[in-house]
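Participant: My file is start_17.cif. It has mmCIF, C-alpha atoms:
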```cif
data_coords
loop_
_atom_site.label_atom_id
_atom_site.label_comp_id
_atom_site.auth_asym_id
_atom_site.auth_seq_id
_atom_site.Cartn_x
_atom_site.Cartn_y
_atom_site.Cartn_z
CA MET A 1 7.18 54.97 -53.85
CA ALA A 2 10.68 55.75 -52.61
CA ARG A 3 10.93 56.46 -48.97
CA PRO A 4 12.03 59.87 -47.66
CA VAL A 5 15.69 60.49 -47.05
CA GLN A 6 15.30 63.85 -45.42
CA TYR A 7 16.98 63.14 -42.12
CA ASN A 8 20.44 64.29 -43.09
CA LEU A 9 19.28 67.57 -44.54
CA SER A 10 18.55 70.12 -41.87
CA GLY A 11 15.54 72.24 -42.56
CA GLU A 12 15.07 70.88 -46.04
CA ASN A 13 11.99 68.73 -46.35
CA ASN A 14 11.37 68.78 -50.04
CA VAL A 15 13.77 66.00 -50.97
CA LYS A 16 13.83 65.05 -54.63
CA LEU A 17 12.87 61.44 -54.17
CA VAL A 18 9.64 62.14 -52.39
CA THR A 19 8.24 64.69 -54.80
CA GLU A 20 5.22 63.55 -56.70
CA GLY A 21 5.21 62.33 -60.28
CA PRO A 22 5.80 64.38 -63.41
CA GLU A 23 3.49 67.07 -64.71
CA GLY A 24 0.52 65.83 -66.69
CA HIS A 25 -3.21 65.46 -66.82
CA SER A 26 -4.90 63.11 -64.50
CA GLY A 27 -8.48 62.09 -64.17
CA GLU A 28 -10.40 59.19 -62.88
CA GLY A 29 -8.34 56.13 -63.65
CA PHE A 30 -5.86 57.72 -66.01
CA PHE A 31 -2.79 59.86 -66.05
CA ALA A 32 -1.38 61.40 -69.21
CA THR A 33 2.06 62.89 -69.60
CA SER A 34 4.76 63.00 -72.24
CA LEU A 35 6.77 59.93 -73.18
CA ASP A 36 10.02 61.73 -72.35
CA LYS A 37 8.99 62.10 -68.76
CA VAL A 38 7.87 58.53 -68.34
CA VAL A 39 11.03 57.17 -69.87
CA GLY A 40 13.10 59.54 -67.77
CA LEU A 41 11.31 58.41 -64.64
CA ALA A 42 11.88 54.77 -65.46
CA ARG A 43 15.51 55.26 -66.37
CA LYS A 44 16.50 57.33 -63.40
CA ASN A 45 15.08 54.88 -60.91
CA SER A 46 16.68 51.82 -62.41
CA ILE A 47 20.23 52.84 -63.21
CA TRP A 48 22.70 49.99 -63.45
CA PRO A 49 26.06 51.26 -62.30
CA LEU A 50 29.35 49.80 -63.50
CA PRO A 51 31.91 50.37 -60.75
CA PHE A 52 35.39 51.01 -62.12
CA ALA A 53 37.14 51.13 -58.77
CA THR A 54 40.91 51.36 -58.62
CA SER A 55 41.70 52.63 -55.14
CA CYS A 56 40.45 54.14 -51.89
CA CYS A 57 37.37 55.71 -53.52
CA GLY A 58 36.35 52.16 -54.37
CA ILE A 59 36.40 51.32 -50.65
CA GLU A 60 34.11 54.27 -49.94
CA PHE A 61 31.84 53.02 -52.68
CA MET A 62 31.69 49.61 -51.04
CA ALA A 63 30.51 51.35 -47.88
CA THR A 64 27.93 53.16 -49.97
CA MET A 65 26.68 49.86 -51.32
CA GLY A 66 26.39 48.44 -47.81
CA SER A 67 23.30 48.38 -45.63
CA HIS A 68 24.08 51.58 -43.76
CA TYR A 69 24.00 53.89 -46.76
CA ASP A 70 22.12 51.46 -48.96
CA PHE A 71 22.71 52.53 -52.52
CA ALA A 72 19.86 50.21 -53.52
CA ARG A 73 17.33 52.78 -52.32
CA PHE A 74 18.03 54.71 -55.51
CA GLY A 75 17.14 51.87 -57.82
CA ALA A 76 20.79 51.03 -58.29
CA GLU A 77 20.59 47.69 -56.58
CA ARG A 78 22.09 45.84 -59.48
CA VAL A 79 25.76 46.68 -59.85
CA GLY A 80 26.75 45.25 -63.19
CA PHE A 81 30.21 44.11 -64.11
CA SER A 82 29.61 43.96 -67.82
CA PRO A 83 29.75 47.31 -69.60
CA ARG A 84 27.22 46.11 -72.15
CA GLN A 85 24.48 45.94 -69.54
CA CYS A 86 25.21 49.13 -67.65
CA ASP A 87 24.06 52.72 -67.92
CA LEU A 88 26.39 54.49 -65.56
CA LEU A 89 30.18 54.22 -65.50
CA MET A 90 31.43 55.11 -62.04
CA VAL A 91 35.16 55.78 -62.21
CA MET A 92 36.52 55.74 -58.69
CA GLY A 93 40.19 56.19 -58.03
CA THR A 94 43.48 57.05 -59.66
CA ILE A 95 43.64 56.26 -63.35
CA ALA A 96 47.20 55.79 -64.51
CA LYS A 97 47.98 56.70 -68.09
CA LYS A 98 48.42 53.05 -68.87
CA MET A 99 44.90 52.42 -67.59
CA GLY A 100 43.45 55.19 -69.77
CA PRO A 101 42.79 53.04 -72.87
CA VAL A 102 41.06 50.46 -70.65
CA VAL A 103 38.67 53.06 -69.26
CA LYS A 104 37.96 54.29 -72.74
CA GLN A 105 37.30 50.80 -74.03
CA VAL A 106 34.91 50.08 -71.18
CA TYR A 107 33.10 53.31 -72.01
CA LEU A 108 32.91 52.43 -75.69
CA GLN A 109 31.46 49.02 -74.88
CA MET A 110 28.56 50.56 -73.03
CA ALA A 111 25.37 51.05 -74.98
CA GLU A 112 23.73 54.47 -75.33
CA PRO A 113 22.37 56.13 -73.34
CA ARG A 114 25.33 56.10 -70.97
CA TRP A 115 26.47 58.37 -68.22
CA VAL A 116 29.78 58.81 -66.46
CA LEU A 117 30.47 59.76 -62.88
CA ALA A 118 33.98 60.69 -61.76
CA MET A 119 34.38 60.06 -58.06
CA GLY A 120 37.11 61.72 -56.04
CA ALA A 121 39.98 64.04 -56.73
CA CYS A 122 42.04 61.54 -58.73
CA ALA A 123 39.39 60.59 -61.24
CA SER A 124 38.35 64.23 -61.58
CA SER A 125 41.74 65.90 -61.86
CA GLY A 126 44.60 63.57 -61.03
CA GLY A 127 44.41 64.67 -57.40
CA ILE A 128 47.65 64.57 -55.48
CA PHE A 129 49.26 62.46 -58.19
CA ASP A 130 50.69 65.31 -60.18
CA SER A 131 53.05 62.92 -61.90
CA TYR A 132 54.22 61.75 -65.30
CA SER A 133 52.41 58.44 -64.95
CA VAL A 134 48.91 59.54 -63.91
CA LEU A 135 46.08 60.71 -66.10
CA GLN A 136 45.14 64.21 -65.01
CA GLY A 137 41.41 63.61 -64.88
CA ILE A 138 39.39 61.07 -66.84
CA ASP A 139 37.70 63.88 -68.77
CA GLN A 140 40.83 63.88 -70.90
CA ILE A 141 39.65 60.65 -72.49
CA ILE A 142 35.89 60.34 -71.94
CA PRO A 143 33.10 62.87 -71.29
CA VAL A 144 32.03 63.11 -67.65
CA ASP A 145 28.55 64.05 -66.41
CA VAL A 146 29.09 64.49 -62.69
CA TYR A 147 32.23 65.01 -60.62
CA ILE A 148 32.25 64.17 -56.92
CA PRO A 149 34.87 66.14 -54.98
CA GLY A 150 36.71 64.68 -52.02
CA CYS A 151 39.73 62.55 -51.24
CA PRO A 152 37.99 60.20 -50.86
CA PRO A 153 34.41 61.51 -50.77
CA ARG A 154 32.20 60.25 -47.97
CA PRO A 155 29.31 57.96 -48.91
CA GLU A 156 26.92 60.88 -48.48
CA ALA A 157 28.81 62.69 -51.22
CA VAL A 158 28.56 59.64 -53.44
CA LEU A 159 24.82 59.51 -52.87
CA ASP A 160 24.57 63.20 -53.65
CA GLY A 161 26.54 62.73 -56.85
CA PHE A 162 24.36 59.82 -57.78
CA MET A 163 21.23 61.90 -57.20
CA LYS A 164 22.69 64.53 -59.50
CA ILE A 165 23.06 61.81 -62.12
CA GLN A 166 19.46 60.78 -61.52
CA ASP A 167 18.45 64.38 -62.09
CA LEU A 168 20.28 64.45 -65.40
CA VAL A 169 18.88 61.11 -66.45
CA GLY A 170 15.32 62.06 -65.52
CA LYS A 171 15.43 65.32 -67.44
CA GLU A 172 17.26 64.15 -70.51
CA SER A 173 15.38 64.52 -73.76
CA LEU A 174 14.99 61.36 -75.77
CA ARG A 175 16.47 63.10 -78.77
CA ARG A 176 19.55 64.44 -77.05
CA ARG A 177 21.82 61.60 -78.16
CA ASN A 178 20.95 62.25 -81.79
CA GLY A 179 21.66 65.95 -81.56
CA ASP A 180 24.52 67.75 -83.25
CA ARG A 181 25.83 69.05 -79.96
CA TYR A 182 26.12 65.56 -78.56
CA LYS A 183 27.82 64.29 -81.68
CA GLU A 184 30.22 67.19 -81.53
CA LEU A 185 31.03 66.34 -77.92
CA MET A 186 31.70 62.72 -78.84
CA GLY A 187 33.72 63.86 -81.83
CA SER A 188 35.94 65.94 -79.57
CA TYR A 189 36.88 62.70 -77.81
CA GLY A 190 37.38 60.85 -81.05
CA ILE A 191 34.34 58.64 -80.43
CA GLN A 192 31.89 57.94 -83.26
CA MET B 1 85.10 30.42 -42.65
CA THR B 2 83.19 33.58 -43.25
CA LEU B 3 83.46 35.70 -46.31
CA THR B 4 84.62 39.19 -45.41
CA ASN B 5 84.51 42.38 -47.42
CA GLU B 6 88.30 42.45 -47.25
CA THR B 7 88.54 39.04 -48.94
CA ILE B 8 86.17 40.06 -51.73
CA LYS B 9 88.12 43.24 -52.28
CA GLN B 10 91.47 41.40 -52.44
CA ARG B 11 90.11 38.82 -54.87
CA LEU B 12 88.71 41.48 -57.19
CA ILE B 13 91.91 43.52 -57.15
CA GLU B 14 94.00 40.42 -57.92
CA LYS B 15 91.73 39.24 -60.70
CA PHE B 16 91.15 42.55 -62.45
CA GLU B 17 94.51 44.16 -61.75
CA GLY B 18 93.31 47.45 -60.37
CA GLN B 19 90.55 48.03 -62.87
CA VAL B 20 87.99 47.55 -60.14
CA VAL B 21 88.19 50.75 -58.12
CA ASN B 22 86.49 53.09 -55.64
CA PHE B 23 85.99 50.55 -52.89
CA ASP B 24 83.81 51.83 -50.09
CA GLU B 25 81.76 50.36 -47.28
CA PRO B 26 78.74 52.56 -46.56
CA TYR B 27 76.86 50.96 -43.65
CA GLY B 28 79.10 47.92 -43.95
CA MET B 29 78.07 47.04 -47.51
CA LEU B 30 80.97 46.66 -49.88
CA THR B 31 80.59 48.95 -52.88
CA PHE B 32 82.86 49.20 -55.86
CA GLU B 33 83.07 50.34 -59.45
CA ALA B 34 84.40 48.95 -62.71
CA PRO B 35 84.66 50.20 -66.31
CA LYS B 36 81.43 49.47 -68.12
CA GLU B 37 83.09 47.15 -70.63
CA LEU B 38 83.99 44.84 -67.76
CA ASN B 39 80.55 44.60 -66.18
CA LEU B 40 79.83 41.08 -67.41
CA LYS B 41 83.33 39.81 -66.64
CA VAL B 42 83.09 41.05 -63.07
CA LEU B 43 79.59 39.64 -62.60
CA GLN B 44 80.63 36.31 -64.10
CA TYR B 45 83.69 36.11 -61.86
CA LEU B 46 81.63 36.90 -58.77
CA TYR B 47 79.12 34.25 -59.87
CA ASP B 48 81.48 31.44 -60.81
CA ASP B 49 84.04 31.66 -58.04
CA ASN B 50 83.52 28.93 -55.50
CA GLU B 51 84.42 31.15 -52.62
CA LEU B 52 82.54 34.32 -53.65
CA LYS B 53 79.31 32.70 -54.95
CA PHE B 54 77.36 35.88 -55.72
CA ARG B 55 74.61 34.03 -57.53
CA PHE B 56 71.57 36.10 -56.74
CA LEU B 57 70.77 39.44 -58.36
CA THR B 58 68.74 41.31 -55.75
CA ASP B 59 68.25 44.48 -57.70
CA LEU B 60 69.42 46.41 -60.69
CA GLN B 61 68.76 50.04 -61.32
CA ALA B 62 70.32 53.29 -62.49
CA VAL B 63 71.11 56.68 -61.03
CA HIS B 64 71.42 59.90 -62.95
CA TYR B 65 74.20 62.30 -61.92
CA PRO B 66 73.73 65.22 -64.30
CA HIS B 67 76.86 67.04 -63.10
CA GLN B 68 79.38 64.22 -63.64
CA GLU B 69 80.31 64.87 -67.21
CA GLY B 70 81.04 61.77 -69.25
CA ARG B 71 79.76 59.46 -66.52
CA GLU B 72 76.27 60.71 -65.95
CA LEU B 73 74.49 57.38 -65.63
CA ALA B 74 75.38 54.80 -63.01
CA VAL B 75 74.00 51.30 -63.40
CA VAL B 76 73.96 49.61 -60.03
CA TYR B 77 73.86 45.87 -59.39
CA HIS B 78 72.96 44.55 -55.97
CA LEU B 79 74.31 41.03 -55.52
CA HIS B 80 73.71 38.54 -52.77
CA ASN B 81 75.72 35.54 -51.68
CA LEU B 82 72.95 33.39 -50.27
CA VAL B 83 75.30 30.86 -48.67
CA ASP B 84 77.29 33.27 -46.51
CA ASN B 85 74.57 35.92 -46.50
CA VAL B 86 76.81 38.67 -47.83
CA ARG B 87 75.60 41.52 -49.99
CA ILE B 88 77.61 43.77 -52.29
CA ARG B 89 76.89 46.70 -54.57
CA PHE B 90 78.57 46.99 -57.95
CA LYS B 91 78.41 50.11 -60.12
CA VAL B 92 79.33 50.89 -63.68
CA PHE B 93 79.19 54.40 -65.09
CA THR B 94 78.38 55.40 -68.63
CA ASN B 95 78.15 58.47 -70.78
CA ILE B 96 74.56 59.62 -71.17
CA LEU B 97 75.05 60.37 -74.86
CA GLN B 98 75.82 56.73 -75.57
CA PRO B 99 74.37 54.73 -72.69
CA ASP B 100 75.29 51.25 -73.93
CA ILE B 101 75.78 48.53 -71.33
CA PHE B 102 76.06 44.78 -71.85
CA THR B 103 72.98 42.95 -70.69
CA ALA B 104 73.19 40.62 -67.70
CA THR B 105 70.22 38.54 -68.84
CA ASN B 106 72.39 35.60 -69.88
CA LEU B 107 73.81 35.38 -66.39
CA PHE B 108 70.73 36.26 -64.34
CA ALA B 109 67.24 35.63 -65.73
CA ALA B 110 65.96 38.13 -63.17
CA ALA B 111 67.81 40.90 -64.98
CA ASN B 112 65.33 40.78 -67.85
CA TRP B 113 62.54 42.87 -66.34
CA MET B 114 64.90 44.93 -64.19
CA GLU B 115 66.82 46.02 -67.27
CA ARG B 116 63.57 46.83 -69.03
CA GLU B 117 62.59 49.00 -66.09
CA THR B 118 65.98 50.71 -66.08
CA TYR B 119 65.63 51.34 -69.79
CA ASP B 120 62.10 52.62 -69.26
CA TYR B 121 63.11 55.19 -66.67
CA PHE B 122 66.70 56.11 -67.55
CA GLY B 123 67.13 55.08 -71.16
CA VAL B 124 70.06 52.77 -70.53
CA ASN B 125 70.54 50.71 -73.67
CA PHE B 126 71.26 47.14 -72.59
CA LYS B 127 73.04 45.57 -75.54
CA GLY B 128 71.93 42.02 -76.20
CA HIS B 129 68.73 42.22 -74.18
CA PRO B 130 66.08 39.96 -75.78
CA ASN B 131 63.17 42.39 -75.44
CA LEU B 132 64.23 45.88 -74.51
CA ILE B 133 60.90 47.76 -74.48
CA ARG B 134 59.10 49.84 -71.87
CA ILE B 135 57.69 47.80 -69.04
CA LEU B 136 55.85 50.21 -66.71
CA ASN B 137 55.09 53.36 -68.65
CA VAL B 138 52.86 53.78 -71.67
CA GLU B 139 54.48 52.82 -74.96
CA GLU B 140 53.88 56.27 -76.44
CA MET B 141 56.07 57.95 -73.84
CA ASP B 142 58.89 59.70 -75.67
CA TYR B 143 61.26 60.47 -72.85
CA PHE B 144 62.88 58.83 -69.82
CA PRO B 145 61.07 60.29 -66.82
CA MET B 146 63.68 59.65 -64.13
CA ARG B 147 66.38 61.66 -65.86
CA LYS B 148 66.85 64.86 -63.93
CA GLU B 149 66.19 67.22 -66.80
CA PHE B 150 62.53 66.19 -66.83
CA PRO B 151 60.27 67.62 -64.13
CA LEU B 152 58.38 65.08 -62.06
CA GLU B 153 55.08 66.89 -62.46
CA GLU B 154 52.69 66.26 -65.27
CA GLN B 155 53.30 69.02 -67.80
CA THR B 156 49.96 68.74 -69.62
CA ARG B 157 48.07 69.99 -66.61
CA VAL B 158 46.92 73.59 -66.85
CA ASP B 159 44.70 74.06 -63.80
CA LYS B 160 47.46 74.20 -61.20
CA ASP B 161 49.09 77.46 -60.27
CA ASP B 162 52.77 76.56 -60.20
CA GLU B 163 53.64 78.90 -57.37
CA MET B 164 50.82 77.77 -55.14
CA PHE B 165 51.53 74.08 -55.70
CA GLY B 166 55.28 74.32 -55.20
CA ARG B 167 56.02 73.28 -58.74
CA SER B 168 59.16 74.43 -60.40
#
```
Reformat the file's structure so that it appears as structure tokens.
Facilitator:
Amino acid sequence: MARPVQYNLSGENNVKLVTEGPEGHSGEGFFATSLDKVVGLARKNSIWPLPFATSCCGIEFMATMGSHYDFARFGAERVGFSPRQCDLLMVMGTIAKKMGPVVKQVYLQMAEPRWVLAMGACASSGGIFDSYSVLQGIDQIIPVDVYIPGCPPRPEAVLDGFMKIQDLVGKESLRRRNGDRYKELMGSYGIQ
Amino acid sequence: MTLTNETIKQRLIEKFEGQVVNFDEPYGMLTFEAPKELNLKVLQYLYDDNELKFRFLTDLQAVHYPHQEGRELAVVYHLHNLVDNVRIRFKVFTNILQPDIFTATNLFAAANWMERETYDYFGVNFKGHPNLIRILNVEEMDYFPMRKEFPLEEQTRVDKDDEMFGRS
């Protein structure tokens, strides 16, 4: 069982990680719940992040991976550097327009289900780089699940953003990726 | 014997019979101008001469002066004499409607990427350049971003209030 991380949250004891398992029927020696929930539980606690770090947000992420903030607590111990193995694309830092196709290709190489986290002002909106050469937010080329504000965000914010991703992953229906709405979203980015 | 700005100036005036003009020395660095047709001849002379020996191209870039009609674009060469440690600045001006300049790549290999960059940002057409394509910006870009008529800010962005963000 994950250990409590309540110490930074004043007055809030019911932290997501320490809540009990999903709803279901339990009896002596068995526990029954829906497949969705089990898969969600497994997925959200074993996310493999792919760090796409281009600048100072990447440095903050390194701190997040370190022992003090210990990203591994969230089941994200294994940072992958191959998009084919990873579930979560973490875009951290300024993405120049020339880098845009690279980000998109990395995203396309990831297998479904895949999630995207935009960390910091630059990845989310271009940030201070209101310039002809900088992509004004990665959501112009790929769909984004969670945005982390900040310039750069502190590791706590990264952890919070990651927990938001875990929330999404845990609650996602197994059929969502086959749905029309999802296909429409992908279509709007020109992705099959 | 040290090479002085005065010597360089005299040599250029003698050689090019007054076609090299506008001599100036901002912060002690000799600066001058020539007609754009002569750019290679001047560079070659500065390179070959055994006294001048300007054989290192430090930098090459352009400047856009939108109000100087007929000579809007200045292409600036920074040259270095490594033996006497003397630096000079050489400018040629061109019309922005037909920004053709002879390439310096045959004289200085270093000019290759610098001219590509100058083309990328100012649209100076270096005639004879082996590979004059964009070097820093995306290939799809359809304008020259450092020309003054184009605003610096990204124009596709809709979430910024122009007045609040000091955009024009």
Participant: Could you please tell me, as a VMD selection string, which residues of chain A have an atom within 8 Å of chain B when using only C-alpha atoms?
Facilitator: chain A and resid 97 to 98 130 to 134 136
Participant: May I ask which of the residues B:Arg116, B:Lys53, B:Lys91, B:Lys148 is the closest one to Thr31 in chain B, counting all atoms listed in the file?
Facilitator: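 Once distances to Thr31 in chain B are computed over all atoms listed in the file, the minimum belongs to B:Lys91.
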Participant: Would you mind listing what lies within 10 Å of range 139-142 of chain A as a PyMOL selection string, with all atoms listed in the file counted and same-chain residues fewer than 4 positions away left out?
Facilitator: chain A and resi 100-101+103-105+107-108+116+118+123-125+135+147+185-186+188-191
Participant: I'd like to see the residues matched by the PyMOL selection byres ((chain B and resi 87) around 12) on this file, and ideally I'd get them as a VMD selection string.
Facilitator: chain B and resid 3 to 5 8 25 to 31 46 52 to 59 77 to 86 88 to 90
Participant: Give me the result of the PyMOL selection byres ((chain A and resi 57) around 9) on this file, residue by residue, as a PyMOL selection string.
Facilitator: chain A and resi 53-56+58-62+91-94+119-120+151-154
Participant: What would the selection look like, as number ranges by chain, if the PyMOL selection byres ((chain B and resi 127) around 7) were run on the coordinates I just shared?
Facilitator: B: 100-103, 125-126, 128-129
Participant: With all atoms listed in the file as the counted atoms, please give the residues lying no more than 8 Å from Ala76 in chain A, apart from itself and same-chain residues fewer than 6 positions off, as a count of residues only.
Facilitator: 5
Participant: Could you jot down the CA of Cys86 in chain A to CA of Leu50 in chain A separation for me, Å, one decimal place?
Facilitator: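 So the two atoms, CA of Cys86 in chain A and CA of Leu50 in chain A, lie 5.9 Å apart.
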Participant: When you draw a straight line from CA of Gly75 in chain A to CA of Arg181 in chain A, how long is it in Å?
Facilitator: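 Value for the CA of Gly75 in chain A-CA of Arg181 in chain A distance: 29.3 Å.
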Participant: Considering only C-alpha atoms, return as a ChimeraX atom specification whatever protein or nucleic-acid residues lie within 10 Å of Glu23 in chain A, sequence-local ones (same chain, fewer than 5 positions apart) excluded.
Facilitator: /A:31-34,37
Participant: What is the CA of Asp145 in chain A to CA of Lys171 in chain A distance in Å?
Facilitator: 13.2 Å
Participant: Listed atoms of range 55-61 of chain B, axis-aligned box, 5 Å per side: centre and edge lengths to one decimal in Å, as JSON?
Facilitator:
```
{"center_x": 71.4, "center_y": 42.0, "center_z": -58.5, "size_x": 16.4, "size_y": 26.0, "size_z": 15.6}
```
Participant: Smallest atom-to-atom distance to Gly126 in chain A: which of A:Ala72, A:Val144, A:Ile95, A:Leu89, using all atoms listed in the file?
Facilitator: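 Under the stated criterion, the closest residue is A:Ile95.
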Participant: Could you check the closest approach to Glu115 in chain B for each of B:Asn131, B:Asn50, B:Gln68, B:Gln10 and tell me which residue wins, using only C-alpha atoms?
Facilitator: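 Selected residue with least distance to Glu115 in chain B: B:Asn131.
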